$ cat model.txt   # compact mmCIF, C-alpha atoms
# COMPACT_ATOMS: atom_id res chain seq x y z
CA MET A 1 -30.20 -50.31 141.39
CA ARG A 2 -31.55 -49.84 137.89
CA LEU A 3 -29.27 -50.35 134.90
CA GLU A 4 -29.46 -46.66 134.01
CA ASP A 5 -28.27 -45.67 137.50
CA PHE A 6 -24.75 -47.00 136.90
CA ASP A 7 -22.08 -44.56 135.77
CA ASN A 8 -19.86 -46.73 133.59
CA ASP A 9 -20.27 -49.45 130.99
CA GLU A 10 -18.44 -52.13 133.00
CA ASP A 11 -20.82 -51.80 135.95
CA LYS A 12 -23.79 -51.89 133.59
CA ILE A 13 -22.54 -55.13 132.03
CA ILE A 14 -22.06 -56.74 135.47
CA GLN A 15 -25.50 -55.64 136.63
CA ASP A 16 -27.10 -56.89 133.41
CA ARG A 17 -25.47 -60.32 133.86
CA LEU A 18 -26.67 -60.54 137.47
CA LYS A 19 -30.25 -59.44 136.97
CA GLN A 20 -32.82 -61.87 138.32
CA LYS A 21 -34.56 -64.30 135.96
CA ASN A 22 -37.31 -66.75 136.78
CA TRP A 23 -36.98 -70.45 135.99
CA ASN A 24 -39.10 -70.24 132.83
CA GLU A 25 -36.86 -67.45 131.45
CA ILE A 26 -33.73 -69.43 132.23
CA ARG A 27 -35.07 -72.62 130.63
CA THR A 28 -36.25 -70.79 127.50
CA ASN A 29 -33.01 -68.88 127.07
CA ASP A 30 -30.91 -72.02 127.56
CA SER A 31 -32.94 -73.99 125.02
CA TRP A 32 -32.55 -71.37 122.32
CA ALA A 33 -28.86 -70.91 123.13
CA ILE A 34 -28.27 -74.56 122.18
CA PHE A 35 -29.25 -73.80 118.58
CA LYS A 36 -26.98 -70.77 118.44
CA ILE A 37 -24.08 -72.80 119.82
CA MET A 38 -24.75 -75.57 117.29
CA ALA A 39 -24.79 -73.03 114.47
CA GLU A 40 -21.39 -71.67 115.52
CA PHE A 41 -19.92 -75.17 115.62
CA VAL A 42 -21.34 -76.09 112.20
CA ASN A 43 -20.15 -72.86 110.61
CA GLY A 44 -16.71 -73.25 112.17
CA TYR A 45 -16.30 -76.89 111.17
CA GLU A 46 -17.44 -76.28 107.60
CA ASN A 47 -15.11 -73.33 107.10
CA MET A 48 -12.06 -74.62 108.97
CA GLY A 49 -12.30 -78.12 107.49
CA ARG A 50 -11.57 -76.72 104.01
CA ILE A 51 -8.47 -74.73 104.93
CA GLY A 52 -5.74 -77.33 105.38
CA PRO A 53 -2.74 -77.47 107.75
CA CYS A 54 -2.39 -74.35 109.89
CA VAL A 55 -0.43 -73.05 112.86
CA SER A 56 -2.03 -70.76 115.43
CA ILE A 57 -0.22 -67.69 116.73
CA PHE A 58 -1.25 -66.28 120.11
CA GLY A 59 -0.17 -63.15 121.94
CA SER A 60 -1.23 -59.81 123.34
CA ALA A 61 -3.77 -57.64 121.55
CA ARG A 62 -2.00 -54.62 123.10
CA THR A 63 1.35 -55.11 121.33
CA LYS A 64 2.15 -52.17 119.04
CA PRO A 65 3.64 -52.47 115.52
CA GLU A 66 6.91 -50.92 116.67
CA ASP A 67 7.33 -53.56 119.40
CA LYS A 68 10.01 -56.22 118.84
CA TYR A 69 7.52 -59.01 119.50
CA TYR A 70 5.06 -57.66 116.92
CA GLN A 71 7.85 -57.63 114.36
CA LEU A 72 9.02 -61.10 115.39
CA ALA A 73 5.47 -62.49 115.16
CA GLU A 74 5.17 -61.04 111.66
CA SER A 75 8.46 -62.66 110.63
CA ILE A 76 7.43 -65.98 112.18
CA ALA A 77 4.11 -65.96 110.33
CA PHE A 78 5.87 -65.09 107.08
CA LYS A 79 8.26 -68.04 107.43
CA ILE A 80 5.48 -70.37 108.53
CA SER A 81 3.50 -69.49 105.41
CA LYS A 82 6.56 -70.05 103.22
CA ALA A 83 6.97 -73.47 104.85
CA GLY A 84 3.50 -74.43 103.64
CA TYR A 85 1.35 -73.84 106.72
CA GLY A 86 -1.57 -71.48 107.03
CA VAL A 87 -1.74 -69.09 109.99
CA ILE A 88 -4.66 -68.80 112.42
CA THR A 89 -5.01 -65.96 114.92
CA GLY A 90 -7.72 -64.53 117.12
CA GLY A 91 -8.38 -61.99 114.38
CA GLY A 92 -7.79 -58.84 116.40
CA PRO A 93 -4.98 -56.28 116.80
CA GLY A 94 -1.50 -56.61 118.28
CA ILE A 95 0.24 -59.97 117.90
CA MET A 96 -2.84 -61.30 116.13
CA GLU A 97 -2.55 -58.61 113.48
CA ALA A 98 1.17 -59.31 113.14
CA GLY A 99 0.47 -63.00 112.55
CA ASN A 100 -2.12 -62.36 109.88
CA LYS A 101 0.08 -59.71 108.28
CA GLY A 102 3.05 -62.05 108.02
CA ALA A 103 0.91 -64.78 106.46
CA HIS A 104 -0.61 -62.29 104.04
CA LEU A 105 2.79 -60.98 102.96
CA GLY A 106 4.05 -64.54 102.58
CA GLY A 107 1.21 -65.43 100.25
CA GLY A 108 -0.17 -68.00 102.68
CA THR A 109 -3.56 -68.72 104.19
CA SER A 110 -4.51 -66.09 106.78
CA VAL A 111 -7.36 -67.02 109.12
CA GLY A 112 -9.00 -64.91 111.82
CA LEU A 113 -11.23 -66.33 114.56
CA ASN A 114 -12.68 -63.15 115.94
CA ILE A 115 -14.65 -62.99 119.19
CA VAL A 116 -17.57 -60.65 119.78
CA LEU A 117 -16.82 -58.75 123.01
CA PRO A 118 -18.80 -56.17 125.03
CA PHE A 119 -16.14 -53.62 124.10
CA GLU A 120 -16.01 -54.37 120.43
CA GLN A 121 -12.90 -56.00 118.99
CA HIS A 122 -12.43 -55.19 115.31
CA PHE A 123 -10.83 -57.74 113.03
CA ASN A 124 -7.54 -56.75 111.46
CA PRO A 125 -7.21 -56.06 107.70
CA TYR A 126 -4.79 -58.91 106.90
CA ILE A 127 -7.26 -61.80 107.18
CA ASP A 128 -8.33 -63.52 103.95
CA GLY A 129 -11.78 -62.26 103.02
CA ASP A 130 -13.39 -65.70 103.12
CA LYS A 131 -11.59 -66.81 106.29
CA ASN A 132 -12.76 -64.23 108.82
CA LEU A 133 -14.99 -66.08 111.27
CA ASN A 134 -16.88 -64.44 114.13
CA PHE A 135 -17.87 -66.16 117.37
CA ASP A 136 -20.06 -65.21 120.31
CA TYR A 137 -18.88 -68.10 122.46
CA PHE A 138 -15.29 -68.35 123.65
CA PHE A 139 -15.54 -72.12 124.09
CA VAL A 140 -16.64 -72.71 120.48
CA ARG A 141 -13.80 -70.54 119.22
CA LYS A 142 -11.32 -72.42 121.42
CA VAL A 143 -12.44 -75.74 119.94
CA MET A 144 -11.60 -74.41 116.46
CA PHE A 145 -8.09 -73.45 117.55
CA VAL A 146 -7.44 -76.84 119.13
CA LYS A 147 -9.04 -78.97 116.43
CA TYR A 148 -7.50 -77.35 113.36
CA SER A 149 -4.05 -76.20 114.54
CA GLN A 150 -0.98 -78.25 113.77
CA GLY A 151 0.98 -76.17 116.24
CA PHE A 152 0.66 -73.34 118.75
CA VAL A 153 3.15 -70.47 118.57
CA VAL A 154 2.72 -68.55 121.82
CA MET A 155 4.11 -65.02 121.89
CA PRO A 156 4.15 -62.80 125.00
CA GLY A 157 0.60 -62.06 126.08
CA GLY A 158 -1.88 -61.82 128.93
CA PHE A 159 -4.60 -63.96 130.47
CA GLY A 160 -6.12 -64.98 127.14
CA THR A 161 -2.76 -66.16 125.84
CA LEU A 162 -2.08 -68.13 129.02
CA ASP A 163 -5.57 -69.63 128.84
CA GLU A 164 -4.97 -70.99 125.33
CA LEU A 165 -1.51 -72.26 126.30
CA PHE A 166 -2.55 -74.17 129.41
CA GLU A 167 -5.70 -75.56 127.83
CA ALA A 168 -3.65 -77.08 125.00
CA ILE A 169 -1.11 -78.53 127.44
CA THR A 170 -3.91 -80.02 129.57
CA LEU A 171 -5.68 -81.61 126.60
CA ILE A 172 -2.45 -83.16 125.32
CA GLN A 173 -1.34 -84.23 128.81
CA THR A 174 -4.66 -86.00 129.40
CA LYS A 175 -4.60 -87.49 125.87
CA LYS A 176 -7.89 -85.89 124.92
CA ILE A 177 -6.28 -84.63 121.72
CA ALA A 178 -3.30 -85.65 119.61
CA ARG A 179 0.02 -84.09 120.53
CA PHE A 180 1.22 -81.13 118.47
CA PRO A 181 4.10 -78.64 118.93
CA ILE A 182 3.62 -75.93 121.54
CA ILE A 183 6.28 -73.29 120.98
CA LEU A 184 6.87 -70.43 123.42
CA VAL A 185 8.65 -67.49 121.80
CA GLY A 186 10.80 -65.22 123.96
CA THR A 187 13.08 -66.80 126.56
CA SER A 188 13.23 -63.61 128.64
CA PHE A 189 9.42 -63.41 128.80
CA TRP A 190 8.69 -67.08 129.57
CA SER A 191 11.67 -68.06 131.75
CA GLY A 192 10.05 -66.89 135.01
CA LEU A 193 6.93 -68.98 134.38
CA ILE A 194 8.94 -72.06 133.42
CA GLN A 195 11.13 -71.68 136.52
CA TRP A 196 8.01 -71.48 138.71
CA ILE A 197 6.60 -74.61 137.07
CA LYS A 198 9.85 -76.46 137.74
CA THR A 199 10.42 -75.34 141.32
CA VAL A 200 6.83 -75.22 142.61
CA LEU A 201 4.68 -77.59 140.52
CA ILE A 202 7.29 -80.27 139.86
CA GLU A 203 9.81 -80.16 142.72
CA LYS A 204 7.92 -78.74 145.71
CA GLU A 205 4.27 -79.68 145.23
CA GLN A 206 4.68 -82.53 142.71
CA THR A 207 1.40 -81.63 141.05
CA ILE A 208 2.68 -82.40 137.53
CA SER A 209 5.23 -84.80 136.08
CA PRO A 210 8.67 -83.63 134.91
CA ASP A 211 7.82 -85.15 131.52
CA ASP A 212 4.98 -82.63 131.13
CA LEU A 213 7.51 -79.89 130.43
CA LYS A 214 8.62 -81.85 127.38
CA LEU A 215 5.36 -80.76 125.74
CA ILE A 216 6.78 -77.22 125.47
CA LYS A 217 9.63 -75.80 123.39
CA ILE A 218 11.10 -72.35 124.09
CA VAL A 219 12.71 -70.47 121.20
CA ASP A 220 13.74 -66.95 120.26
CA THR A 221 13.82 -66.82 116.45
CA GLU A 222 11.56 -67.46 113.48
CA ASP A 223 13.95 -70.11 112.11
CA GLU A 224 13.72 -72.06 115.36
CA VAL A 225 9.92 -72.02 115.16
CA VAL A 226 9.90 -73.49 111.66
CA GLU A 227 12.57 -76.03 112.64
CA VAL A 228 10.45 -77.31 115.55
CA LEU A 229 7.40 -77.65 113.28
CA ASP A 230 9.28 -79.35 110.47
CA ASN A 231 11.08 -81.79 112.79
CA PHE A 232 7.79 -82.79 114.37
CA TYR A 233 5.98 -83.36 111.08
CA LYS A 234 8.80 -85.39 109.62
CA LYS A 235 7.57 -88.05 112.09
CA TYR A 236 3.81 -87.42 112.25
CA ASN A 237 0.96 -86.84 109.82
CA LEU A 238 -0.76 -83.48 109.38
CA THR A 239 -4.34 -84.15 110.48
CA PRO A 240 -7.01 -82.49 112.66
CA ASN A 241 -6.35 -83.20 116.32
CA PHE A 242 -9.59 -85.04 117.15
$ encode --input "model.txt" --output "structure tokens"
Amino acid sequence: MRLEDFDNDEDKIIQDRLKQKNWNEIRTNDSWAIFKIMAEFVNGYENMGRIGPCVSIFGSARTKPEDKYYQLAESIAFKISKAGYGVITGGGPGIMEAGNKGAHLGGGTSVGLNIVLPFEQHFNPYIDGDKNLNFDYFFVRKVMFVKYSQGFVVMPGGFGTLDELFEAITLIQTKKIARFPIILVGTSFWSGLIQWIKTVLIEKEQTISPDDLKLIKIVDTEDEVVEVLDNFYKKYNLTPNF
């Protein structure tokens, strides 16, 4: 079928991704993509390297301002900024907006790492004007989160939030990066996942070590988040993670 024969945008995107290319087209496209990828890394490193210690806040883009987790994320970001850390988010709406808003209201550094998506994601208005970075490649953006975050605060979210969480745990577990605090916010939201990890991964299948769960802290308040961060950095230096 031709691209114009599809009824909806999602089908058109899938068809466009699957369209046949000859080997010369593939080789040419891949070669030029390397330069674009390099440019995103250079731009990200140059901008993020000047910002200083930051904590990343993750969570659902669908969370509304009246939601308790939006309001909690805003309070967490506010207290984090008052404690001397900048705040990094994915730059979009929902929990990301709450994180940037809290940092902005707290007078702290507010960074947005926005991703260009087929269905356009607009950056939120609480990002510092010179700290709004846009990425085409998810993997480049993820490197920026991991390299320049002194902690991950993980609010309730979906697949993207889980992706960031488990990638960080894997990189720390395998010692590819330095350890930093990974803080899950919302006992009622995360308890089912943690119970599954304990009963299935650790006890039944033995696919991870019991010590791996020590990489995670679960809290419910903004004060607990700051306490975890401060206790960790009383012992360790604030530096990029690799």
$ residues_around --input "model.txt" --residues "segment 97-113 of chain A" --least-positions-apart "5" --cutoff "10 Å" --atoms "only C-alpha atoms" --output "MDAnalysis selection string"
chainID A and resid 44 48 51:59 61 63:65 69:92 123:135 141:142 144:145 153
$ atom_distance --input "model.txt" --atom1 "atom CA of Thr170 of chain A" --atom2 "atom CA of Phe35 of chain A"
28.3 Å
$ closest_residue --input "model.txt" --among "A:Val140, A:Asp223, A:Asn29, A:Pro93" --to "Tyr45 of chain A" --atoms "only C-alpha atoms"
A:Val140
$ closest_residue --input "model.txt" --among "A:Ile95, A:Ala178, A:Leu238, A:Leu229" --to "Thr161 of chain A" --atoms "only C-alpha atoms"
A:Ile95
$ closest_residue --input "model.txt" --among "A:Gly49, A:Gly94, A:Gly160, A:Pro210" --to "Lys68 of chain A" --atoms "all atoms listed in the file"
A:Gly94
$ closest_residue --input "model.txt" --among "A:Gln206, A:Asn231, A:Asn241, A:Asn114" --to "Ala168 of chain A" --atoms "all atoms listed in the file"
A:Asn241
$ atom_distance --input "model.txt" --atom1 "atom CA of Tyr148 of chain A" --atom2 "atom CA of Phe232 of chain A"
16.3 Å
$ residues_around --input "model.txt" --residues "Lys217 of chain A" --least-positions-apart "5" --cutoff "8 Å" --atoms "only C-alpha atoms" --output "list of chain:residue names"
A:Pro181, A:Ile182, A:Ile183, A:Leu184
$ atom_distance --input "model.txt" --atom1 "atom CA of Glu66 of chain A" --atom2 "atom CA of Val226 of chain A"
23.3 Å
$ build_atoms --input "model.txt" --residues "segment 183-199 of chain A" --atoms "N, CA, C and O atoms" --output "PDB file, keeping the file's coordinate frame"
ATOM      1  N   ILE A 183       5.018 -74.019 121.066  1.00  0.00           N
ATOM      2  CA  ILE A 183       6.280 -73.290 120.980  1.00  0.00           C
ATOM      3  C   ILE A 183       6.122 -71.935 121.657  1.00  0.00           C
ATOM      4  O   ILE A 183       5.324 -71.098 121.207  1.00  0.00           O
ATOM      5  N   LEU A 184       6.863 -71.715 122.731  1.00  0.00           N
ATOM      6  CA  LEU A 184       6.870 -70.430 123.420  1.00  0.00           C
ATOM      7  C   LEU A 184       7.989 -69.581 122.827  1.00  0.00           C
ATOM      8  O   LEU A 184       9.134 -70.025 122.759  1.00  0.00           O
ATOM      9  N   VAL A 185       7.659 -68.367 122.432  1.00  0.00           N
ATOM     10  CA  VAL A 185       8.650 -67.490 121.800  1.00  0.00           C
ATOM     11  C   VAL A 185       9.020 -66.366 122.766  1.00  0.00           C
ATOM     12  O   VAL A 185       8.151 -65.602 123.217  1.00  0.00           O
ATOM     13  N   GLY A 186      10.316 -66.281 123.080  1.00  0.00           N
ATOM     14  CA  GLY A 186      10.800 -65.220 123.960  1.00  0.00           C
ATOM     15  C   GLY A 186      11.279 -65.772 125.286  1.00  0.00           C
ATOM     16  O   GLY A 186      10.527 -65.809 126.262  1.00  0.00           O
ATOM     17  N   THR A 187      12.533 -66.211 125.339  1.00  0.00           N
ATOM     18  CA  THR A 187      13.080 -66.800 126.560  1.00  0.00           C
ATOM     19  C   THR A 187      12.961 -65.843 127.748  1.00  0.00           C
ATOM     20  O   THR A 187      12.588 -66.251 128.854  1.00  0.00           O
ATOM     21  N   SER A 188      13.256 -64.568 127.530  1.00  0.00           N
ATOM     22  CA  SER A 188      13.230 -63.610 128.640  1.00  0.00           C
ATOM     23  C   SER A 188      11.821 -63.429 129.197  1.00  0.00           C
ATOM     24  O   SER A 188      11.651 -63.185 130.394  1.00  0.00           O
ATOM     25  N   PHE A 189      10.805 -63.560 128.343  1.00  0.00           N
ATOM     26  CA  PHE A 189       9.420 -63.410 128.800  1.00  0.00           C
ATOM     27  C   PHE A 189       8.957 -64.655 129.555  1.00  0.00           C
ATOM     28  O   PHE A 189       8.304 -64.548 130.599  1.00  0.00           O
ATOM     29  N   TRP A 190       9.265 -65.841 129.045  1.00  0.00           N
ATOM     30  CA  TRP A 190       8.690 -67.080 129.570  1.00  0.00           C
ATOM     31  C   TRP A 190       9.523 -67.745 130.656  1.00  0.00           C
ATOM     32  O   TRP A 190       9.038 -68.649 131.340  1.00  0.00           O
ATOM     33  N   SER A 191      10.783 -67.336 130.836  1.00  0.00           N
ATOM     34  CA  SER A 191      11.670 -68.060 131.750  1.00  0.00           C
ATOM     35  C   SER A 191      11.168 -68.055 133.193  1.00  0.00           C
ATOM     36  O   SER A 191      11.321 -69.053 133.916  1.00  0.00           O
ATOM     37  N   GLY A 192      10.574 -66.955 133.639  1.00  0.00           N
ATOM     38  CA  GLY A 192      10.050 -66.890 135.010  1.00  0.00           C
ATOM     39  C   GLY A 192       8.933 -67.898 135.234  1.00  0.00           C
ATOM     40  O   GLY A 192       8.882 -68.578 136.274  1.00  0.00           O
ATOM     41  N   LEU A 193       8.025 -68.019 134.264  1.00  0.00           N
ATOM     42  CA  LEU A 193       6.930 -68.980 134.380  1.00  0.00           C
ATOM     43  C   LEU A 193       7.464 -70.409 134.388  1.00  0.00           C
ATOM     44  O   LEU A 193       7.034 -71.236 135.214  1.00  0.00           O
ATOM     45  N   ILE A 194       8.390 -70.705 133.485  1.00  0.00           N
ATOM     46  CA  ILE A 194       8.940 -72.060 133.420  1.00  0.00           C
ATOM     47  C   ILE A 194       9.690 -72.405 134.701  1.00  0.00           C
ATOM     48  O   ILE A 194       9.586 -73.533 135.218  1.00  0.00           O
ATOM     49  N   GLN A 195      10.421 -71.439 135.257  1.00  0.00           N
ATOM     50  CA  GLN A 195      11.130 -71.680 136.520  1.00  0.00           C
ATOM     51  C   GLN A 195      10.153 -71.961 137.648  1.00  0.00           C
ATOM     52  O   GLN A 195      10.392 -72.849 138.483  1.00  0.00           O
ATOM     53  N   TRP A 196       9.036 -71.235 137.692  1.00  0.00           N
ATOM     54  CA  TRP A 196       8.010 -71.480 138.710  1.00  0.00           C
ATOM     55  C   TRP A 196       7.401 -72.867 138.548  1.00  0.00           C
ATOM     56  O   TRP A 196       7.183 -73.587 139.533  1.00  0.00           O
ATOM     57  N   ILE A 197       7.135 -73.274 137.315  1.00  0.00           N
ATOM     58  CA  ILE A 197       6.600 -74.610 137.070  1.00  0.00           C
ATOM     59  C   ILE A 197       7.567 -75.674 137.584  1.00  0.00           C
ATOM     60  O   ILE A 197       7.162 -76.647 138.239  1.00  0.00           O
ATOM     61  N   LYS A 198       8.850 -75.475 137.306  1.00  0.00           N
ATOM     62  CA  LYS A 198       9.850 -76.460 137.740  1.00  0.00           C
ATOM     63  C   LYS A 198       9.967 -76.515 139.257  1.00  0.00           C
ATOM     64  O   LYS A 198       9.945 -77.604 139.856  1.00  0.00           O
ATOM     65  N   THR A 199      10.123 -75.351 139.894  1.00  0.00           N
ATOM     66  CA  THR A 199      10.420 -75.340 141.320  1.00  0.00           C
ATOM     67  C   THR A 199       9.195 -75.581 142.198  1.00  0.00           C
ATOM     68  O   THR A 199       9.302 -76.214 143.257  1.00  0.00           O
TER      69      THR A 199
END
